[in-house]
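Undergrad: What follows is the file model22.txt, containing compact mmCIF, C-alpha atoms:
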```txt
# COMPACT_ATOMS: atom_id res chain seq x y z
CA MET A 1 241.30 114.60 -35.74
CA GLY A 2 239.27 116.89 -37.92
CA VAL A 3 237.88 120.32 -37.31
CA THR A 4 234.43 120.88 -35.86
CA LYS A 5 231.79 123.14 -37.26
CA GLU A 6 231.96 125.07 -33.98
CA GLN A 7 235.69 125.71 -34.41
CA VAL A 8 235.13 127.04 -37.93
CA GLU A 9 232.29 129.21 -36.70
CA SER A 10 234.20 130.64 -33.78
CA SER A 11 237.29 131.49 -35.86
CA LEU A 12 235.20 133.19 -38.50
CA THR A 13 233.07 134.98 -35.93
CA SER A 14 236.01 136.38 -33.99
CA LYS A 15 238.02 137.40 -37.05
CA LEU A 16 235.40 138.58 -39.53
CA LYS A 17 232.54 139.72 -37.28
CA PRO A 18 229.97 138.34 -39.68
CA LEU A 19 226.46 139.71 -39.87
CA HIS A 20 225.34 136.32 -41.08
CA LEU A 21 227.23 133.06 -40.94
CA GLU A 22 226.26 129.58 -41.91
CA VAL A 23 228.68 126.70 -41.68
CA ILE A 24 227.61 123.30 -42.90
CA ASP A 25 229.71 120.24 -42.21
CA THR A 26 229.55 118.25 -45.43
CA SER A 27 232.13 115.68 -44.38
CA GLY A 28 229.64 113.37 -42.75
CA GLY A 29 231.23 114.02 -39.38
CA CYS A 30 234.97 113.66 -39.98
CA GLY A 31 235.42 117.42 -40.07
CA ALA A 32 237.29 117.72 -43.33
CA SER A 33 234.74 119.37 -45.54
CA PHE A 34 232.63 122.47 -45.03
CA VAL A 35 230.32 124.74 -46.93
CA ILE A 36 230.21 128.34 -45.79
CA GLU A 37 227.94 131.30 -46.30
CA ILE A 38 229.23 134.47 -44.77
CA VAL A 39 228.25 138.12 -44.73
CA SER A 40 230.78 140.60 -43.40
CA GLU A 41 231.57 144.28 -43.65
CA GLN A 42 235.17 143.34 -44.26
CA PHE A 43 234.23 142.27 -47.79
CA GLU A 44 233.27 145.82 -48.69
CA GLY A 45 235.03 146.98 -51.85
CA LYS A 46 236.73 143.62 -52.35
CA ARG A 47 236.25 141.30 -55.26
CA LEU A 48 235.34 137.66 -54.78
CA LEU A 49 238.91 136.37 -54.94
CA GLU A 50 239.99 138.70 -52.16
CA ARG A 51 236.95 137.80 -50.08
CA HIS A 52 237.83 134.13 -50.37
CA ARG A 53 241.38 134.96 -49.38
CA ILE A 54 240.11 136.71 -46.26
CA VAL A 55 238.09 133.64 -45.30
CA ASN A 56 240.99 131.31 -46.06
CA ALA A 57 243.29 133.44 -43.94
CA ALA A 58 240.84 133.49 -41.04
CA LEU A 59 240.80 129.71 -41.17
CA GLU A 60 244.53 129.28 -41.66
CA GLU A 61 244.94 126.88 -38.74
CA GLU A 62 241.81 124.91 -39.53
CA MET A 63 242.68 124.69 -43.24
CA LYS A 64 245.55 122.36 -42.39
CA GLN A 65 242.95 119.73 -41.61
CA ILE A 66 240.15 120.76 -43.92
CA HIS A 67 240.26 119.16 -47.34
CA ALA A 68 237.38 120.92 -48.93
CA LEU A 69 236.11 124.36 -48.16
CA SER A 70 233.38 125.67 -50.35
CA ILE A 71 232.50 129.31 -49.92
CA LYS A 72 229.05 129.51 -51.43
CA LYS A 73 228.46 133.11 -50.49
CA ALA A 74 230.79 135.85 -49.35
CA LEU A 75 228.70 139.00 -49.35
CA THR A 76 228.75 142.49 -47.97
CA PRO A 77 225.83 143.43 -45.68
CA GLU A 78 224.43 145.55 -48.52
CA GLN A 79 224.51 142.66 -51.02
CA TRP A 80 223.02 140.36 -48.42
CA LYS A 81 220.12 142.74 -47.86
CA GLN A 82 219.48 142.97 -51.60
CA GLN A 83 219.55 139.22 -51.96
CA GLN A 84 217.18 138.72 -49.05
CA GLU A 85 214.75 141.19 -50.58
CA ALA A 86 215.04 139.63 -54.02
CA GLU A 87 214.29 136.22 -52.57
CA LYS A 88 211.39 137.57 -50.61
CA SER A 89 209.80 139.19 -53.61
CA LYS A 90 210.34 135.99 -55.59
CA SER A 91 208.53 133.90 -53.02
CA ASP A 92 205.76 136.47 -52.77
CA ALA A 93 205.16 136.39 -56.48
CA MET B 1 247.14 98.54 -60.84
CA ALA B 2 248.34 101.65 -59.15
CA ARG B 3 251.25 101.90 -61.54
CA PHE B 4 249.07 101.46 -64.54
CA LEU B 5 246.77 104.22 -63.42
CA SER B 6 249.66 106.44 -62.61
CA SER B 7 251.44 106.15 -65.95
CA ASN B 8 248.19 106.39 -67.79
CA ALA B 9 247.39 109.60 -66.01
CA LEU B 10 250.89 110.88 -66.70
CA LEU B 11 250.33 110.60 -70.39
CA LYS B 12 247.38 112.83 -69.94
CA ALA B 13 249.08 115.02 -67.38
CA ILE B 14 248.88 117.94 -69.69
CA ALA B 15 245.80 117.66 -71.76
CA THR B 16 245.54 120.55 -74.11
CA LEU B 17 242.26 120.95 -75.90
CA PRO B 18 242.57 121.27 -78.80
CA ALA B 19 245.95 119.62 -79.07
CA ALA B 20 248.74 121.44 -80.95
CA ARG B 21 250.68 123.60 -78.52
CA SER B 22 254.35 124.16 -78.83
CA ASN B 23 255.26 123.65 -75.19
CA ARG B 24 253.75 120.21 -75.06
CA ASN B 25 256.99 118.35 -75.53
CA VAL B 26 258.75 120.30 -72.85
CA ILE B 27 256.15 119.48 -70.29
CA GLY B 28 255.86 115.89 -71.42
CA SER B 29 259.54 115.18 -71.00
CA PHE B 30 259.60 116.97 -67.70
CA TYR B 31 256.96 114.64 -66.41
CA GLN B 32 258.84 111.59 -67.50
CA ASN B 33 261.80 112.80 -65.53
CA GLY B 34 259.60 113.29 -62.54
CA LEU B 35 258.36 109.68 -62.59
CA ARG B 36 258.69 107.85 -59.33
CA TYR B 37 259.58 104.19 -59.65
CA SER B 38 258.35 101.72 -57.15
CA THR B 39 261.38 99.43 -57.30
CA VAL B 40 262.61 98.44 -53.87
CA PRO B 41 266.32 99.33 -53.74
CA SER B 42 267.16 97.05 -50.82
CA ASP B 43 266.06 93.90 -52.61
CA PRO B 44 268.88 91.39 -51.91
CA ASP B 45 268.45 89.76 -55.32
CA THR B 46 269.45 92.84 -57.25
CA HIS B 47 272.86 94.10 -58.14
CA ASP B 48 273.93 97.72 -58.06
CA ASP B 49 274.16 97.72 -61.82
CA PHE B 50 270.45 97.20 -62.03
CA ARG B 51 269.55 99.79 -59.50
CA PRO B 52 267.28 102.44 -60.95
CA THR B 53 268.97 105.70 -61.59
CA ASN B 54 267.41 108.89 -62.71
CA LYS B 55 270.18 111.22 -63.70
CA VAL B 56 268.03 113.94 -65.13
CA GLN B 57 266.02 114.29 -61.96
CA ASP B 58 269.17 114.57 -59.87
CA SER B 59 271.06 116.98 -62.06
CA ALA B 60 268.31 119.19 -63.38
CA ALA B 61 266.69 119.87 -60.00
CA VAL B 62 263.93 121.62 -61.85
CA SER B 63 262.31 124.20 -59.69
CA PHE B 64 258.62 123.54 -59.55
CA LYS B 65 258.04 127.21 -59.08
CA ASP B 66 259.54 127.79 -62.53
CA VAL B 67 257.30 125.12 -63.98
CA VAL B 68 254.23 126.83 -62.58
CA GLU B 69 255.40 130.22 -63.77
CA GLN B 70 255.95 128.86 -67.26
CA ASP B 71 252.61 127.01 -67.26
CA VAL B 72 250.56 130.06 -66.46
CA LYS B 73 252.52 132.22 -68.84
CA GLU B 74 252.25 129.91 -71.83
CA ASN B 75 248.77 128.52 -71.36
CA PRO B 76 245.93 131.03 -71.61
CA VAL B 77 243.73 128.80 -69.48
CA MET B 78 245.59 126.66 -66.99
CA ILE B 79 243.97 124.48 -64.38
CA TYR B 80 245.72 122.60 -61.58
CA MET B 81 243.36 119.90 -60.53
CA LYS B 82 242.85 116.51 -58.94
CA GLY B 83 242.79 114.06 -61.80
CA VAL B 84 242.70 114.99 -65.47
CA PRO B 85 239.98 116.88 -67.38
CA ASP B 86 238.48 113.70 -68.82
CA PHE B 87 238.68 111.92 -65.49
CA PRO B 88 238.56 114.34 -62.57
CA GLN B 89 239.14 112.73 -59.20
CA CYS B 90 237.33 115.27 -57.09
CA GLY B 91 233.92 116.89 -57.36
CA PHE B 92 235.30 120.42 -57.22
CA SER B 93 237.82 119.78 -59.99
CA SER B 94 235.09 118.15 -62.01
CA LEU B 95 232.85 121.17 -61.58
CA ALA B 96 235.59 123.58 -62.65
CA VAL B 97 236.34 121.55 -65.78
CA ARG B 98 232.68 121.36 -66.67
CA VAL B 99 232.36 125.12 -66.37
CA LEU B 100 235.42 125.77 -68.51
CA LYS B 101 234.31 123.28 -71.16
CA HIS B 102 231.31 125.49 -71.82
CA TYR B 103 233.67 127.81 -73.61
CA ASN B 104 235.48 127.08 -76.81
CA ILE B 105 238.95 127.57 -75.40
CA PRO B 106 242.14 125.54 -75.16
CA LEU B 107 242.29 124.11 -71.66
CA SER B 108 245.62 123.06 -70.19
CA ALA B 109 245.71 120.99 -67.07
CA ARG B 110 248.03 119.37 -64.62
CA ASN B 111 247.15 116.67 -62.17
CA ILE B 112 248.49 117.67 -58.77
CA LEU B 113 247.76 114.22 -57.36
CA GLU B 114 250.68 113.02 -59.45
CA ASP B 115 253.22 115.08 -57.64
CA PRO B 116 253.19 116.43 -54.07
CA GLU B 117 256.00 118.85 -54.88
CA LEU B 118 254.07 120.37 -57.75
CA LYS B 119 251.07 120.60 -55.46
CA SER B 120 252.94 122.61 -52.84
CA ALA B 121 254.60 124.76 -55.49
CA VAL B 122 251.21 125.74 -56.92
CA LYS B 123 249.83 126.50 -53.46
CA ALA B 124 252.83 128.67 -52.65
CA PHE B 125 252.62 130.42 -56.01
CA SER B 126 249.00 131.45 -55.68
CA HIS B 127 248.79 131.62 -51.87
CA TRP B 128 245.69 129.52 -52.16
CA PRO B 129 245.12 126.44 -50.01
CA THR B 130 242.87 124.23 -52.11
CA PHE B 131 242.40 122.69 -55.56
CA PRO B 132 241.37 123.14 -58.29
CA GLN B 133 243.16 126.39 -59.09
CA ILE B 134 242.48 128.22 -62.32
CA PHE B 135 244.71 130.72 -64.06
CA ILE B 136 243.57 132.75 -67.04
CA LYS B 137 246.17 134.66 -69.05
CA GLY B 138 248.62 134.36 -66.19
CA GLU B 139 246.20 135.73 -63.63
CA PHE B 140 245.10 133.63 -60.68
CA ILE B 141 241.32 133.39 -60.85
CA GLY B 142 240.46 131.17 -57.90
CA GLY B 143 238.87 127.80 -57.23
CA SER B 144 235.64 126.13 -58.26
CA ASP B 145 233.32 128.41 -56.28
CA ILE B 146 234.79 131.47 -57.96
CA ILE B 147 234.83 130.06 -61.48
CA LEU B 148 231.20 128.97 -61.11
CA ASN B 149 230.24 132.38 -59.81
CA MET B 150 232.02 134.11 -62.70
CA HIS B 151 230.33 131.77 -65.16
CA GLN B 152 226.94 132.65 -63.73
CA ASN B 153 227.44 136.40 -63.68
CA GLY B 154 229.05 136.63 -67.12
CA GLU B 155 232.51 137.70 -65.93
CA LEU B 156 234.08 134.51 -67.19
CA LYS B 157 232.76 135.02 -70.70
CA GLU B 158 234.26 138.48 -70.67
CA LYS B 159 237.61 137.17 -69.41
CA LEU B 160 237.78 134.46 -72.06
CA LYS B 161 236.45 136.41 -75.01
CA ASP B 162 239.82 137.08 -76.64
CA ILE B 163 240.99 133.50 -76.20
CA SER B 164 239.88 131.56 -79.21
CA GLY B 165 239.53 127.85 -79.70
CA SER B 166 242.11 127.76 -82.45
CA PRO B 167 245.79 128.19 -81.66
CA LYS B 168 246.95 131.75 -82.07
CA PRO B 169 249.60 132.47 -84.71
CA GLU B 170 252.87 133.10 -82.89
```
Have the structure of the file written as structure tokens, please.

TA:
Amino acid sequence: MGVTKEQVESSLTSKLKPLHLEVIDTSGGCGASFVIEIVSEQFEGKRLLERHRIVNAALEEEMKQIHALSIKKALTPEQWKQQQEAEKSKSDA
Amino acid sequence: MARFLSSNALLKAIATLPAARSNRNVIGSFYQNGLRYSTVPSDPDTHDDFRPTNKVQDSAAVSFKDVVEQDVKENPVMIYMKGVPDFPQCGFSSLAVRVLKHYNIPLSARNILEDPELKSAVKAFSHWPTFPQIFIKGEFIGGSDIILNMHQNGELKEKLKDISGSPKPE
């Protein structure tokens, strides 16, 4: 039995206290493949590799059944704000 | 069919681009020793004399951890992937190879689908759960998301700038 999107979300929410979290099940329902966007203060001062490690560690149990985990974004709240603003100004232009 | 694919992939197990690297033979022979044969040993029509033996595999007991250590030390850009660079068997591995091929660098690869023990050794070595895994100059870089990100923000170019396409004089 695979992992549900809700399980992934609840593990990440309880462990990383994300400001923004988006989990997309890309497995077509079997629960083996997810795409994640996450914004957390715990990423502060950490480079991308370490941020991915934090996410992987938070999902240690789930990873046993997940084949593909793509972390599209792992941002600090500050970076997230900047990106939101950049996108906004792009769409305004 | 499966055997054909398997041995064909073995030949390409380490695909160094461009070719000439001194450690090629070492790795090549190692892989031959690691070959799994599909002969059924309990076949009543066979005699013990014809039973497959693989002395080297038994005696050498090569530690896969050592293999990984040597790989990342000797190959400036090393990728552990599903499939081979010219025929990736997973979208993420394919993406990572495509990114790396943008740069004029020698790319060394191993197919972890060929060997479950190698696969677990690499995971244990990097403490990273998924594939592909990319190492540059002995340093663990990450998977496909990270390599793509570094390609986009210019970090990868910086990392690879002193690795040239031609083999370095020893």

Undergrad: Taking all atoms listed in the file into account, what are the residues of chain B at most 9 Å from chain A, put as a list in words?

TA: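 Result, ordered by chain then number: Phe92, His127, Trp128, Pro129, Thr130, Phe131, Phe140, Ile141, Gly142, Gly143, Ser144, Asp145, Ile146 and Asn149 of chain B.
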
Undergrad: In Å, how far is it from atom CA of A:Gln79 to atom CA of A:Ile38?

TA: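 Atom CA of A:Ile38 lies at a distance of 11.3 Å from atom CA of A:Gln79.
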
Undergrad: If we count only C-alpha atoms and set the cut-off at 12 Å, which residues sit around B:Pro116, ignoring sequence neighbours fewer than 4 positions away in its own chain? Please answer as a list in words.

TA: Gly34, Arg36, Phe64, Lys82, Asn111, Ile112, Ser120, Ala121, Val122 and Lys123 of chain B

Undergrad: Given the choices A:Thr13, A:Ser27, A:Thr76, A:Gln82, which gets closest to A:Arg47 if the distance is worked out from all atoms listed in the file?

TA: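 Among the listed residues, the smallest separation from A:Arg47 belongs to A:Thr76.
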
Undergrad: Quick one: everything within 10 Å of A:Leu16, counting only C-alpha atoms, minus sequence neighbours fewer than 2 positions away in the same chain. Send it as an mmCIF file with C-alpha atoms, in the frame of the given file.

TA:
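The resulting file, selection30.cif, is reproduced below:
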```
data_model
loop_
_atom_site.group_PDB
_atom_site.id
_atom_site.type_symbol
_atom_site.label_atom_id
_atom_site.label_comp_id
_atom_site.auth_asym_id
_atom_site.auth_seq_id
_atom_site.Cartn_x
_atom_site.Cartn_y
_atom_site.Cartn_z
ATOM 1 C CA SER A 10 234.200 130.640 -33.780
ATOM 2 C CA SER A 11 237.290 131.490 -35.860
ATOM 3 C CA LEU A 12 235.200 133.190 -38.500
ATOM 4 C CA THR A 13 233.070 134.980 -35.930
ATOM 5 C CA SER A 14 236.010 136.380 -33.990
ATOM 6 C CA PRO A 18 229.970 138.340 -39.680
ATOM 7 C CA LEU A 19 226.460 139.710 -39.870
ATOM 8 C CA LEU A 21 227.230 133.060 -40.940
ATOM 9 C CA ILE A 38 229.230 134.470 -44.770
ATOM 10 C CA VAL A 39 228.250 138.120 -44.730
ATOM 11 C CA SER A 40 230.780 140.600 -43.400
ATOM 12 C CA GLU A 41 231.570 144.280 -43.650
ATOM 13 C CA GLN A 42 235.170 143.340 -44.260
ATOM 14 C CA PHE A 43 234.230 142.270 -47.790
ATOM 15 C CA ILE A 54 240.110 136.710 -46.260
ATOM 16 C CA VAL A 55 238.090 133.640 -45.300
ATOM 17 C CA ALA A 58 240.840 133.490 -41.040
#
```

Undergrad: How many Å lie between atom CA of B:Ser108 and atom CA of A:Val35, rounded to one decimal?

TA: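 Computing the Euclidean distance for atom CA of B:Ser108 and atom CA of A:Val35 yields 27.9 Å.
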
Undergrad: Within 12 Å of B:Glu69, counting all atoms listed in the file, which residues qualify if same-chain residues fewer than 3 places away don't, as a PDB file with C-alpha atoms, in the frame of the given file?

TA:
```pdb
ATOM      1  CA  SER B  63     262.310 124.200 -59.690  1.00  0.00           C
ATOM      2  CA  PHE B  64     258.620 123.540 -59.550  1.00  0.00           C
ATOM      3  CA  LYS B  65     258.040 127.210 -59.080  1.00  0.00           C
ATOM      4  CA  ASP B  66     259.540 127.790 -62.530  1.00  0.00           C
ATOM      5  CA  VAL B  72     250.560 130.060 -66.460  1.00  0.00           C
ATOM      6  CA  LYS B  73     252.520 132.220 -68.840  1.00  0.00           C
ATOM      7  CA  GLU B  74     252.250 129.910 -71.830  1.00  0.00           C
ATOM      8  CA  ASN B  75     248.770 128.520 -71.360  1.00  0.00           C
ATOM      9  CA  MET B  78     245.590 126.660 -66.990  1.00  0.00           C
ATOM     10  CA  LEU B 118     254.070 120.370 -57.750  1.00  0.00           C
ATOM     11  CA  ALA B 121     254.600 124.760 -55.490  1.00  0.00           C
ATOM     12  CA  VAL B 122     251.210 125.740 -56.920  1.00  0.00           C
ATOM     13  CA  ALA B 124     252.830 128.670 -52.650  1.00  0.00           C
ATOM     14  CA  PHE B 125     252.620 130.420 -56.010  1.00  0.00           C
ATOM     15  CA  SER B 126     249.000 131.450 -55.680  1.00  0.00           C
ATOM     16  CA  PHE B 135     244.710 130.720 -64.060  1.00  0.00           C
ATOM     17  CA  LYS B 137     246.170 134.660 -69.050  1.00  0.00           C
ATOM     18  CA  GLY B 138     248.620 134.360 -66.190  1.00  0.00           C
ATOM     19  CA  GLU B 139     246.200 135.730 -63.630  1.00  0.00           C
ATOM     20  CA  PHE B 140     245.100 133.630 -60.680  1.00  0.00           C
TER      21      PHE B 140
END
```
